[in-house]
$ cat entry_27.cif   # mmCIF, C-alpha atoms
data_input
#
loop_
_atom_site.label_atom_id
_atom_site.label_comp_id
_atom_site.auth_asym_id
_atom_site.auth_seq_id
_atom_site.Cartn_x
_atom_site.Cartn_y
_atom_site.Cartn_z
CA MET A 2 -9.79 -0.03 -4.15
CA HIS A 3 -13.33 -0.62 -2.91
CA ASN A 4 -13.57 -0.54 0.90
CA SER A 5 -14.67 -4.19 1.30
CA LYS A 6 -11.96 -5.38 -1.08
CA LEU A 7 -9.38 -3.39 0.85
CA ALA A 8 -10.61 -4.85 4.14
CA LEU A 9 -10.45 -8.39 2.74
CA ALA A 10 -6.97 -7.85 1.24
CA THR A 11 -5.73 -6.37 4.53
CA LEU A 12 -7.15 -9.21 6.60
CA ALA A 13 -5.81 -11.86 4.22
CA LEU A 14 -2.33 -10.37 4.24
CA LEU A 15 -2.24 -10.01 8.03
CA LEU A 16 -3.46 -13.60 8.51
CA LEU A 17 -0.83 -14.84 6.05
CA LEU A 18 1.82 -12.90 7.94
CA LEU A 19 0.62 -14.26 11.28
CA GLY A 20 0.69 -17.82 9.96
CA LEU A 21 4.15 -17.44 8.44
CA HIS A 22 5.51 -15.88 11.61
CA MET A 23 3.99 -18.57 13.87
CA TYR A 24 5.32 -21.40 11.70
CA GLY A 25 8.62 -19.58 11.30
CA MET A 26 9.07 -19.38 15.06
CA ALA A 27 7.82 -22.91 15.80
CA LEU A 28 9.80 -24.59 13.01
CA HIS A 29 12.87 -22.33 13.27
CA TRP A 30 12.50 -21.10 9.69
CA TYR A 31 14.10 -17.80 10.70
CA LEU A 32 17.27 -19.76 11.49
CA TYR A 33 17.19 -22.27 8.61
CA PHE A 34 16.19 -19.83 5.86
CA PRO A 35 17.96 -16.45 6.19
CA PHE A 36 15.65 -14.90 3.57
CA PHE A 37 12.54 -15.76 5.59
CA ASP A 38 13.00 -12.69 7.80
CA LEU A 39 13.11 -10.52 4.67
CA ILE A 40 9.78 -11.92 3.48
CA THR A 41 8.03 -11.41 6.79
CA HIS A 42 9.32 -7.87 7.19
CA PHE A 43 8.24 -6.97 3.64
CA LEU A 44 4.79 -8.43 4.31
CA GLY A 45 4.70 -6.69 7.69
CA GLY A 46 5.36 -3.31 6.10
CA ALA A 47 2.70 -4.01 3.48
CA GLY A 48 0.26 -5.17 6.16
CA ILE A 49 0.75 -2.05 8.25
CA ALA A 50 0.40 0.12 5.15
CA LEU A 51 -2.84 -1.62 4.11
CA SER A 52 -4.20 -1.29 7.63
CA VAL A 53 -3.43 2.42 7.71
CA LEU A 54 -4.89 2.88 4.24
CA TYR A 55 -8.09 1.11 5.33
CA VAL A 56 -8.47 3.26 8.46
CA VAL A 57 -7.28 6.63 7.15
CA LYS A 58 -8.35 6.28 3.49
CA ASN A 59 -5.38 8.40 2.43
CA PRO A 60 -2.02 6.96 1.35
CA LYS A 61 -0.16 10.14 2.37
CA HIS A 62 1.38 8.88 5.62
CA ILE A 63 1.39 5.09 5.23
CA ILE A 64 5.14 4.85 4.60
CA THR A 65 6.02 6.91 7.67
CA ILE A 66 3.66 4.93 9.89
CA ALA A 67 5.01 1.62 8.56
CA ILE A 68 8.58 2.73 9.33
CA ILE A 69 7.53 3.70 12.86
CA ALA A 70 5.84 0.30 13.28
CA GLY A 71 9.00 -1.42 12.00
CA ILE A 72 11.13 0.44 14.53
CA ALA A 73 8.64 -0.49 17.26
CA TRP A 74 8.98 -4.14 16.22
CA GLU A 75 12.76 -3.92 16.44
CA ILE A 76 12.43 -2.52 19.98
CA PHE A 77 10.11 -5.44 20.77
CA GLU A 78 12.74 -7.88 19.50
CA VAL A 79 15.40 -6.30 21.71
CA TYR A 80 13.16 -6.14 24.77
CA PHE A 81 12.18 -9.81 24.54
CA ASP A 82 15.66 -10.87 23.43
CA ILE A 83 14.54 -12.66 20.27
CA MET A 84 17.29 -11.33 18.04
CA GLY A 85 19.85 -14.08 18.17
CA TRP A 86 22.75 -11.62 18.36
CA PRO A 87 23.99 -9.27 21.03
CA VAL A 88 22.60 -5.77 20.53
CA SER A 89 26.07 -4.29 20.26
CA SER A 90 27.14 -6.70 17.50
CA ARG A 91 27.60 -5.81 13.84
CA ALA A 92 25.19 -8.62 12.84
CA TYR A 93 22.43 -7.09 14.95
CA LYS A 94 22.94 -3.65 13.42
CA ILE A 95 22.89 -5.04 9.87
CA ASP A 96 19.80 -7.16 10.59
CA THR A 97 17.95 -4.20 12.08
CA ALA A 98 18.79 -1.95 9.13
CA VAL A 99 17.74 -4.60 6.60
CA ASP A 100 14.51 -5.28 8.52
CA ILE A 101 13.55 -1.61 8.45
CA VAL A 102 14.40 -1.38 4.74
CA MET A 103 12.15 -4.39 4.04
CA ASP A 104 9.33 -2.89 6.14
CA THR A 105 9.70 0.30 4.11
CA LEU A 106 9.70 -1.54 0.77
CA GLY A 107 6.51 -3.34 1.73
CA ALA A 108 4.87 -0.03 2.60
CA VAL A 109 6.16 1.64 -0.57
CA SER A 110 4.67 -1.15 -2.69
CA VAL A 111 1.23 -0.55 -1.12
CA TRP A 112 1.65 3.22 -1.49
CA LEU A 113 2.49 2.85 -5.19
CA VAL A 114 -0.53 0.65 -5.84
CA ALA A 115 -2.81 2.99 -3.85
CA LYS A 116 -1.45 6.08 -5.59
CA TYR A 117 -1.72 4.81 -9.15
CA LYS A 118 -4.82 2.62 -8.88
CA LYS A 119 -7.40 5.35 -8.48
#
$ encode --input "entry_27.cif" --output "structure tokens"
Amino acid sequence: MHNSKLALATLALLLLLLGLHMYGMALHWYLYFPFFDLITHFLGGAGIALSVLYVVKNPKHIITIAIIAGIAWEIFEVYFDIMGWPVSSRAYKIDTAVDIVMDTLGAVSVWLVAKYKK
């Protein structure tokens, strides 16, 4: 992907993610629509992967970096107590695992496109 197209795609995706997250928090979409969290985590993983691809220009490590970013986000959620469940609960553990899987799937989708669209 041409560098300016990659920059535009990355910026557009990150702005979309920011808007969805802001509206999701303000309008309680995360509570009303259980799938909303899946969408934002998928887009978050894709956004991190696109950002890494733009900076590094090599898709080799984008999945690993996106997983690390997803784990960092989960730590952020715990630290600021924005989970909705106690950390020791089964619901929290399932949510965290699913969130990291969705982050990873978003990154894998970018990796696949980057790998095969040369």
$ resolve_selection --input "entry_27.cif" --expression "the PyMOL selection byres ((chain A and resi 76-90) around 12)" --output "list in words"
Met26, His29, Tyr31, Leu32, Asp38, Ile69, Ala70, Gly71, Ile72, Ala73, Trp74, Glu75, Arg91, Ala92, Tyr93, Lys94, Ile95, Asp96, Thr97, Asp100 and Ile101 of chain A
$ resolve_selection --input "entry_27.cif" --expression "the PyMOL selection byres ((chain A and resi 39-42) around 7)" --output "number ranges by chain"
A: 18, 36-38, 43-46, 100, 103-104
$ resolve_selection --input "entry_27.cif" --expression "the PyMOL selection byres ((chain A and resi 112) around 10)" --output "PyMOL selection string"
chain A and resi 47+50-51+54+59-64+106-111+113-118
$ write_last_selection --input "entry_27.cif" --atoms "C-alpha atoms" --output "PDB file, in the coordinates of the input"
ATOM      1  CA  ALA A  47       2.700  -4.010   3.480  1.00  0.00           C
ATOM      2  CA  ALA A  50       0.400   0.120   5.150  1.00  0.00           C
ATOM      3  CA  LEU A  51      -2.840  -1.620   4.110  1.00  0.00           C
ATOM      4  CA  LEU A  54      -4.890   2.880   4.240  1.00  0.00           C
ATOM      5  CA  ASN A  59      -5.380   8.400   2.430  1.00  0.00           C
ATOM      6  CA  PRO A  60      -2.020   6.960   1.350  1.00  0.00           C
ATOM      7  CA  LYS A  61      -0.160  10.140   2.370  1.00  0.00           C
ATOM      8  CA  HIS A  62       1.380   8.880   5.620  1.00  0.00           C
ATOM      9  CA  ILE A  63       1.390   5.090   5.230  1.00  0.00           C
ATOM     10  CA  ILE A  64       5.140   4.850   4.600  1.00  0.00           C
ATOM     11  CA  LEU A 106       9.700  -1.540   0.770  1.00  0.00           C
ATOM     12  CA  GLY A 107       6.510  -3.340   1.730  1.00  0.00           C
ATOM     13  CA  ALA A 108       4.870  -0.030   2.600  1.00  0.00           C
ATOM     14  CA  VAL A 109       6.160   1.640  -0.570  1.00  0.00           C
ATOM     15  CA  SER A 110       4.670  -1.150  -2.690  1.00  0.00           C
ATOM     16  CA  VAL A 111       1.230  -0.550  -1.120  1.00  0.00           C
ATOM     17  CA  LEU A 113       2.490   2.850  -5.190  1.00  0.00           C
ATOM     18  CA  VAL A 114      -0.530   0.650  -5.840  1.00  0.00           C
ATOM     19  CA  ALA A 115      -2.810   2.990  -3.850  1.00  0.00           C
ATOM     20  CA  LYS A 116      -1.450   6.080  -5.590  1.00  0.00           C
ATOM     21  CA  TYR A 117      -1.720   4.810  -9.150  1.00  0.00           C
ATOM     22  CA  LYS A 118      -4.820   2.620  -8.880  1.00  0.00           C
TER      23      LYS A 118
END
$ atom_distance --input "entry_27.cif" --atom1 "CA of Thr11 in chain A" --atom2 "CA of Thr65 in chain A"
18.0 Å
$ atom_distance --input "entry_27.cif" --atom1 "CA of Val53 in chain A" --atom2 "CA of Ala98 in chain A"
22.7 Å
$ closest_residue --input "entry_27.cif" --among "A:Ser52, A:Thr105, A:Gly25, A:Trp30" --to "Leu12 in chain A" --atoms "all atoms listed in the file"
A:Ser52
$ closest_residue --input "entry_27.cif" --among "A:Val102, A:Ala10, A:Leu28, A:Leu16" --to "Tyr55 in chain A" --atoms "all atoms listed in the file"
A:Ala10
$ atom_distance --input "entry_27.cif" --atom1 "CA of Ala8 in chain A" --atom2 "CA of Gly20 in chain A"
18.2 Å
$ axis_aligned_box --input "entry_27.cif" --around "range 14-23 of chain A" --padding-each-side "8 Å" --output "lines of an AutoDock Vina configuration file"
center_x = 1.0
center_y = -14.3
center_z = 9.1
size_x = 25.0
size_y = 24.6
size_z = 25.6
